[in-house]
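Participant: File work06.pdb below, PDB, N, CA and C atoms, pLDDT in the B column:
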```
ATOM      1  N   MET A1356    -121.551 151.447  17.925  1.00 74.00           N
ATOM      2  CA  MET A1356    -122.428 150.648  17.104  1.00 74.00           C
ATOM      3  C   MET A1356    -123.863 151.173  17.237  1.00 74.00           C
ATOM      4  N   GLU A1357    -124.452 151.539  16.106  1.00 83.00           N
ATOM      5  CA  GLU A1357    -125.804 152.078  16.128  1.00 83.00           C
ATOM      6  C   GLU A1357    -126.836 150.957  16.110  1.00 83.00           C
ATOM      7  N   LYS A1358    -127.910 151.198  16.835  1.00 88.00           N
ATOM      8  CA  LYS A1358    -129.002 150.223  16.875  1.00 88.00           C
ATOM      9  C   LYS A1358    -129.882 150.421  15.654  1.00 88.00           C
ATOM     10  N   GLU A1359    -130.356 149.309  15.112  1.00 94.00           N
ATOM     11  CA  GLU A1359    -131.264 149.363  13.971  1.00 94.00           C
ATOM     12  C   GLU A1359    -132.656 149.748  14.456  1.00 94.00           C
ATOM     13  N   LEU A1360    -133.323 150.598  13.715  1.00 94.00           N
ATOM     14  CA  LEU A1360    -134.669 151.020  14.089  1.00 94.00           C
ATOM     15  C   LEU A1360    -135.661 149.884  13.893  1.00 94.00           C
ATOM     16  N   ASN A1361    -136.625 149.794  14.811  1.00 96.00           N
ATOM     17  CA  ASN A1361    -137.675 148.798  14.630  1.00 96.00           C
ATOM     18  C   ASN A1361    -138.749 149.364  13.686  1.00 96.00           C
ATOM     19  N   ASN A1362    -139.689 148.542  13.314  1.00 97.00           N
ATOM     20  CA  ASN A1362    -140.719 148.957  12.348  1.00 97.00           C
ATOM     21  C   ASN A1362    -141.470 150.201  12.794  1.00 97.00           C
ATOM     22  N   TYR A1363    -141.829 150.277  14.059  1.00 97.00           N
ATOM     23  CA  TYR A1363    -142.624 151.415  14.530  1.00 97.00           C
ATOM     24  C   TYR A1363    -141.801 152.693  14.599  1.00 97.00           C
ATOM     25  N   GLU A1364    -140.529 152.580  14.877  1.00 97.00           N
ATOM     26  CA  GLU A1364    -139.659 153.758  14.836  1.00 97.00           C
ATOM     27  C   GLU A1364    -139.548 154.276  13.399  1.00 97.00           C
ATOM     28  N   LYS A1365    -139.395 153.370  12.445  1.00 97.00           N
ATOM     29  CA  LYS A1365    -139.328 153.756  11.036  1.00 97.00           C
ATOM     30  C   LYS A1365    -140.636 154.400  10.586  1.00 97.00           C
ATOM     31  N   ILE A1366    -141.744 153.797  10.971  1.00 98.00           N
ATOM     32  CA  ILE A1366    -143.054 154.331  10.599  1.00 98.00           C
ATOM     33  C   ILE A1366    -143.242 155.722  11.187  1.00 98.00           C
ATOM     34  N   THR A1367    -142.886 155.898  12.440  1.00 98.00           N
ATOM     35  CA  THR A1367    -143.044 157.195  13.092  1.00 98.00           C
ATOM     36  C   THR A1367    -142.218 158.266  12.401  1.00 98.00           C
ATOM     37  N   LEU A1368    -140.973 157.964  12.092  1.00 97.00           N
ATOM     38  CA  LEU A1368    -140.122 158.942  11.411  1.00 97.00           C
ATOM     39  C   LEU A1368    -140.672 159.283  10.025  1.00 97.00           C
ATOM     40  N   ASP A1369    -141.173 158.282   9.324  1.00 98.00           N
ATOM     41  CA  ASP A1369    -141.779 158.539   8.017  1.00 98.00           C
ATOM     42  C   ASP A1369    -143.039 159.396   8.161  1.00 98.00           C
ATOM     43  N   ALA A1370    -143.864 159.087   9.147  1.00 98.00           N
ATOM     44  CA  ALA A1370    -145.092 159.861   9.365  1.00 98.00           C
ATOM     45  C   ALA A1370    -144.770 161.313   9.691  1.00 98.00           C
ATOM     46  N   ILE A1371    -143.752 161.533  10.505  1.00 98.00           N
ATOM     47  CA  ILE A1371    -143.333 162.901  10.822  1.00 98.00           C
ATOM     48  C   ILE A1371    -142.907 163.620   9.543  1.00 98.00           C
ATOM     49  N   LYS A1372    -142.144 162.934   8.709  1.00 98.00           N
ATOM     50  CA  LYS A1372    -141.699 163.515   7.444  1.00 98.00           C
ATOM     51  C   LYS A1372    -142.897 163.883   6.568  1.00 98.00           C
ATOM     52  N   TYR A1373    -143.888 163.003   6.479  1.00 98.00           N
ATOM     53  CA  TYR A1373    -145.067 163.290   5.666  1.00 98.00           C
ATOM     54  C   TYR A1373    -145.859 164.475   6.215  1.00 98.00           C
ATOM     55  N   CYS A1374    -145.932 164.581   7.522  1.00 97.00           N
ATOM     56  CA  CYS A1374    -146.629 165.723   8.125  1.00 97.00           C
ATOM     57  C   CYS A1374    -145.918 167.029   7.798  1.00 97.00           C
ATOM     58  N   ARG A1375    -144.612 167.028   7.962  1.00 96.00           N
ATOM     59  CA  ARG A1375    -143.838 168.249   7.763  1.00 96.00           C
ATOM     60  C   ARG A1375    -143.689 168.623   6.294  1.00 96.00           C
ATOM     61  N   GLU A1376    -143.308 167.661   5.471  1.00 96.00           N
ATOM     62  CA  GLU A1376    -142.980 167.969   4.084  1.00 96.00           C
ATOM     63  C   GLU A1376    -144.190 167.997   3.164  1.00 96.00           C
ATOM     64  N   GLU A1377    -145.133 167.109   3.385  1.00 96.00           N
ATOM     65  CA  GLU A1377    -146.306 167.038   2.515  1.00 96.00           C
ATOM     66  C   GLU A1377    -147.531 167.681   3.148  1.00 96.00           C
ATOM     67  N   LYS A1378    -147.359 168.179   4.372  1.00 95.00           N
ATOM     68  CA  LYS A1378    -148.445 168.855   5.104  1.00 95.00           C
ATOM     69  C   LYS A1378    -149.678 167.967   5.284  1.00 95.00           C
ATOM     70  N   LEU A1379    -149.430 166.660   5.470  1.00 97.00           N
ATOM     71  CA  LEU A1379    -150.538 165.740   5.721  1.00 97.00           C
ATOM     72  C   LEU A1379    -150.946 165.808   7.187  1.00 97.00           C
ATOM     73  N   ALA A1380    -152.209 165.542   7.444  1.00 97.00           N
ATOM     74  CA  ALA A1380    -152.686 165.425   8.822  1.00 97.00           C
ATOM     75  C   ALA A1380    -152.024 164.194   9.438  1.00 97.00           C
ATOM     76  N   PRO A1381    -151.763 164.213  10.752  1.00 97.00           N
ATOM     77  CA  PRO A1381    -151.077 163.092  11.386  1.00 97.00           C
ATOM     78  C   PRO A1381    -151.698 161.726  11.113  1.00 97.00           C
ATOM     79  N   LYS A1382    -153.010 161.620  11.157  1.00 97.00           N
ATOM     80  CA  LYS A1382    -153.660 160.325  10.920  1.00 97.00           C
ATOM     81  C   LYS A1382    -153.396 159.827   9.504  1.00 97.00           C
ATOM     82  N   ILE A1383    -153.508 160.710   8.527  1.00 97.00           N
ATOM     83  CA  ILE A1383    -153.260 160.347   7.129  1.00 97.00           C
ATOM     84  C   ILE A1383    -151.781 160.013   6.937  1.00 97.00           C
ATOM     85  N   ALA A1384    -150.905 160.771   7.575  1.00 98.00           N
ATOM     86  CA  ALA A1384    -149.467 160.522   7.473  1.00 98.00           C
ATOM     87  C   ALA A1384    -149.115 159.152   8.043  1.00 98.00           C
ATOM     88  N   TRP A1385    -149.738 158.784   9.161  1.00 98.00           N
ATOM     89  CA  TRP A1385    -149.482 157.461   9.754  1.00 98.00           C
ATOM     90  C   TRP A1385    -149.927 156.360   8.793  1.00 98.00           C
ATOM     91  N   GLU A1386    -151.105 156.524   8.227  1.00 97.00           N
ATOM     92  CA  GLU A1386    -151.609 155.523   7.288  1.00 97.00           C
ATOM     93  C   GLU A1386    -150.688 155.385   6.075  1.00 97.00           C
ATOM     94  N   LYS A1387    -150.213 156.503   5.559  1.00 98.00           N
ATOM     95  CA  LYS A1387    -149.299 156.462   4.420  1.00 98.00           C
ATOM     96  C   LYS A1387    -147.979 155.790   4.812  1.00 98.00           C
ATOM     97  N   ALA A1388    -147.488 156.091   6.008  1.00 98.00           N
ATOM     98  CA  ALA A1388    -146.212 155.531   6.468  1.00 98.00           C
ATOM     99  C   ALA A1388    -146.290 154.025   6.688  1.00 98.00           C
ATOM    100  N   THR A1389    -147.479 153.502   6.953  1.00 98.00           N
ATOM    101  CA  THR A1389    -147.618 152.066   7.204  1.00 98.00           C
ATOM    102  C   THR A1389    -147.882 151.254   5.937  1.00 98.00           C
ATOM    103  N   GLU A1390    -148.057 151.937   4.812  1.00 97.00           N
ATOM    104  CA  GLU A1390    -148.278 151.217   3.558  1.00 97.00           C
ATOM    105  C   GLU A1390    -147.101 150.276   3.297  1.00 97.00           C
ATOM    106  N   GLY A1391    -147.392 149.087   2.880  1.00 96.00           N
ATOM    107  CA  GLY A1391    -146.349 148.121   2.577  1.00 96.00           C
ATOM    108  C   GLY A1391    -145.959 147.236   3.750  1.00 96.00           C
ATOM    109  N   TYR A1392    -146.477 147.537   4.930  1.00 96.00           N
ATOM    110  CA  TYR A1392    -146.211 146.697   6.108  1.00 96.00           C
ATOM    111  C   TYR A1392    -147.315 145.657   6.243  1.00 96.00           C
ATOM    112  N   LEU A1393    -147.042 144.618   6.978  1.00 96.00           N
ATOM    113  CA  LEU A1393    -148.033 143.576   7.231  1.00 96.00           C
ATOM    114  C   LEU A1393    -149.241 144.156   7.953  1.00 96.00           C
ATOM    115  N   GLU A1394    -150.377 143.520   7.758  1.00 96.00           N
ATOM    116  CA  GLU A1394    -151.645 143.968   8.339  1.00 96.00           C
ATOM    117  C   GLU A1394    -151.563 144.138   9.856  1.00 96.00           C
ATOM    118  N   ASN A1395    -150.920 143.198  10.556  1.00 95.00           N
ATOM    119  CA  ASN A1395    -150.868 143.293  12.021  1.00 95.00           C
ATOM    120  C   ASN A1395    -150.055 144.504  12.477  1.00 95.00           C
ATOM    121  N   ILE A1396    -149.075 144.907  11.712  1.00 95.00           N
ATOM    122  CA  ILE A1396    -148.298 146.110  12.050  1.00 95.00           C
ATOM    123  C   ILE A1396    -149.138 147.351  11.757  1.00 95.00           C
ATOM    124  N   ARG A1397    -149.822 147.356  10.629  1.00 94.00           N
ATOM    125  CA  ARG A1397    -150.622 148.516  10.231  1.00 94.00           C
ATOM    126  C   ARG A1397    -151.791 148.766  11.164  1.00 94.00           C
ATOM    127  N   LYS A1398    -152.355 147.712  11.736  1.00 93.00           N
ATOM    128  CA  LYS A1398    -153.568 147.846  12.551  1.00 93.00           C
ATOM    129  C   LYS A1398    -153.307 148.012  14.049  1.00 93.00           C
ATOM    130  N   LYS A1399    -152.071 147.867  14.482  1.00 95.00           N
ATOM    131  CA  LYS A1399    -151.764 147.961  15.914  1.00 95.00           C
ATOM    132  C   LYS A1399    -152.070 149.389  16.407  1.00 95.00           C
ATOM    133  N   ALA A1400    -152.910 149.490  17.401  1.00 96.00           N
ATOM    134  CA  ALA A1400    -153.417 150.798  17.835  1.00 96.00           C
ATOM    135  C   ALA A1400    -152.456 151.575  18.734  1.00 96.00           C
ATOM    136  N   CYS A1401    -151.726 150.921  19.590  1.00 97.00           N
ATOM    137  CA  CYS A1401    -150.907 151.642  20.576  1.00 97.00           C
ATOM    138  C   CYS A1401    -149.867 152.567  19.938  1.00 97.00           C
ATOM    139  N   PRO A1402    -149.057 152.104  18.994  1.00 97.00           N
ATOM    140  CA  PRO A1402    -148.079 153.022  18.388  1.00 97.00           C
ATOM    141  C   PRO A1402    -148.753 154.178  17.646  1.00 97.00           C
ATOM    142  N   LYS A1403    -149.827 153.871  16.948  1.00 97.00           N
ATOM    143  CA  LYS A1403    -150.550 154.912  16.213  1.00 97.00           C
ATOM    144  C   LYS A1403    -151.125 155.947  17.174  1.00 97.00           C
ATOM    145  N   ASN A1404    -151.774 155.488  18.234  1.00 97.00           N
ATOM    146  CA  ASN A1404    -152.372 156.413  19.197  1.00 97.00           C
ATOM    147  C   ASN A1404    -151.325 157.228  19.935  1.00 97.00           C
ATOM    148  N   ALA A1405    -150.179 156.630  20.211  1.00 97.00           N
ATOM    149  CA  ALA A1405    -149.095 157.385  20.855  1.00 97.00           C
ATOM    150  C   ALA A1405    -148.626 158.501  19.932  1.00 97.00           C
ATOM    151  N   PHE A1406    -148.423 158.181  18.657  1.00 97.00           N
ATOM    152  CA  PHE A1406    -148.013 159.193  17.683  1.00 97.00           C
ATOM    153  C   PHE A1406    -149.049 160.309  17.581  1.00 97.00           C
ATOM    154  N   LEU A1407    -150.312 159.936  17.429  1.00 97.00           N
ATOM    155  CA  LEU A1407    -151.368 160.939  17.303  1.00 97.00           C
ATOM    156  C   LEU A1407    -151.473 161.805  18.557  1.00 97.00           C
ATOM    157  N   GLY A1408    -151.310 161.201  19.728  1.00 97.00           N
ATOM    158  CA  GLY A1408    -151.348 161.957  20.979  1.00 97.00           C
ATOM    159  C   GLY A1408    -150.202 162.951  21.086  1.00 97.00           C
ATOM    160  N   LEU A1409    -149.015 162.529  20.676  1.00 96.00           N
ATOM    161  CA  LEU A1409    -147.868 163.434  20.695  1.00 96.00           C
ATOM    162  C   LEU A1409    -148.072 164.598  19.728  1.00 96.00           C
ATOM    163  N   CYS A1410    -148.651 164.308  18.586  1.00 96.00           N
ATOM    164  CA  CYS A1410    -148.948 165.370  17.624  1.00 96.00           C
ATOM    165  C   CYS A1410    -149.989 166.334  18.178  1.00 96.00           C
ATOM    166  N   GLU A1411    -151.042 165.769  18.748  1.00 95.00           N
ATOM    167  CA  GLU A1411    -152.145 166.576  19.264  1.00 95.00           C
ATOM    168  C   GLU A1411    -151.707 167.517  20.378  1.00 95.00           C
ATOM    169  N   THR A1412    -150.774 167.082  21.193  1.00 95.00           N
ATOM    170  CA  THR A1412    -150.332 167.907  22.317  1.00 95.00           C
ATOM    171  C   THR A1412    -149.136 168.795  21.968  1.00 95.00           C
ATOM    172  N   GLY A1413    -148.730 168.773  20.701  1.00 94.00           N
ATOM    173  CA  GLY A1413    -147.652 169.662  20.259  1.00 94.00           C
ATOM    174  C   GLY A1413    -146.253 169.196  20.660  1.00 94.00           C
ATOM    175  N   LYS A1414    -146.093 167.935  20.980  1.00 96.00           N
ATOM    176  CA  LYS A1414    -144.797 167.419  21.440  1.00 96.00           C
ATOM    177  C   LYS A1414    -143.826 167.158  20.290  1.00 96.00           C
ATOM    178  N   ILE A1415    -144.324 167.123  19.045  1.00 95.00           N
ATOM    179  CA  ILE A1415    -143.448 166.905  17.901  1.00 95.00           C
ATOM    180  C   ILE A1415    -143.375 168.233  17.133  1.00 95.00           C
ATOM    181  N   LYS A1416    -142.198 168.839  17.125  1.00 92.00           N
ATOM    182  CA  LYS A1416    -142.013 170.128  16.495  1.00 92.00           C
ATOM    183  C   LYS A1416    -142.301 170.056  15.009  1.00 92.00           C
ATOM    184  N   GLY A1417    -142.922 171.104  14.517  1.00 90.00           N
ATOM    185  CA  GLY A1417    -143.178 171.202  13.094  1.00 90.00           C
ATOM    186  C   GLY A1417    -144.461 170.550  12.625  1.00 90.00           C
ATOM    187  N   ILE A1418    -145.238 170.027  13.560  1.00 89.00           N
ATOM    188  CA  ILE A1418    -146.514 169.408  13.183  1.00 89.00           C
ATOM    189  C   ILE A1418    -147.632 170.167  13.881  1.00 89.00           C
ATOM    190  N   GLU A1419    -148.474 170.760  13.054  1.00 74.00           N
ATOM    191  CA  GLU A1419    -149.629 171.475  13.578  1.00 74.00           C
ATOM    192  C   GLU A1419    -150.844 170.591  13.451  1.00 74.00           C
ATOM    193  N   ASN A1420    -151.688 170.635  14.430  1.00 66.00           N
ATOM    194  CA  ASN A1420    -152.892 169.811  14.406  1.00 66.00           C
ATOM    195  C   ASN A1420    -154.120 170.631  14.217  1.00 66.00           C
TER     196      ASN A1420
END
```
Give the structure from the file, written as structure tokens.
Facilitator:
Amino acid sequence: MEKELNNYEKITLDAIKYCREEKLAPKIAWEKATEGYLENIRKKACPKNAFLGLCETGKIKGIEN
């Protein structure tokens, strides 16, 4: 039985896709991935900063900073 992804997992996967396929910068990709979510989800800093930090340090393959 597969676990359903939570909102931040979905946002992260979408942001990665936008970075790789549309060549968006990680910050812009995160903002695009959060469109349509509630304000409190879009503004939460910890998931966004974790994603940006992973991108900045090269931990996510296929994303150049």
Participant: On this file, the PyMOL selection byres (((chain A and resi 1363 and name CA) around 10) and name CA) gives some set of residues; write that set as a list of chain:residue names.
Facilitator: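 Output of the PyMOL selection byres (((chain A and resi 1363 and name CA) around 10) and name CA): A:Leu1360, A:Asn1361, A:Asn1362, A:Glu1364, A:Lys1365, A:Ile1366, A:Thr1367, A:Leu1368, A:Asp1369, A:Ala1388, A:Thr1389, A:Ile1396, A:Arg1397, A:Lys1399, A:Pro1402, A:Lys1403, A:Phe1406.
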Participant: So how far away is CA of Lys1382 (chain A) from CA of Lys1358 (chain A), in Å?
Facilitator: 27.3 Å
Participant: Could you check how far atom C of Arg1375 (chain A) sits from CA of Lys1398 (chain A), in Å to one decimal?
Facilitator: 23.8 Å
Participant: To one decimal in Å, tell me the separation between CA of Gly1413 (chain A) and atom C of Glu1390 (chain A).
Facilitator: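 Between these atoms lies a distance of 25.8 Å.
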Participant: Name the residues of region 1364-1394 of chain A that fall into alpha helix (DSSP H) according to DSSP on the backbone, using the chain letters and numbers of this document, as a list of chain:residue names.
Facilitator: A:Glu1364, A:Lys1365, A:Ile1366, A:Thr1367, A:Leu1368, A:Asp1369, A:Ala1370, A:Ile1371, A:Lys1372, A:Tyr1373, A:Cys1374, A:Arg1375, A:Glu1376, A:Glu1377, A:Pro1381, A:Lys1382, A:Ile1383, A:Ala1384, A:Trp1385, A:Glu1386, A:Lys1387, A:Ala1388, A:Glu1394
Participant: Just the residues within 8 Å of Cys1374 (chain A), please, counting only N, CA and C atoms, with nothing from its chain fewer than 2 positions along; format it as a list in words.
Facilitator: Leu1368, Asp1369, Ala1370, Ile1371, Lys1372, Glu1376, Glu1377, Lys1378, Leu1379, Ala1380, Pro1381, Ile1383, Ala1384, Trp1385, Gly1417, Ile1418 and Glu1419 of chain A
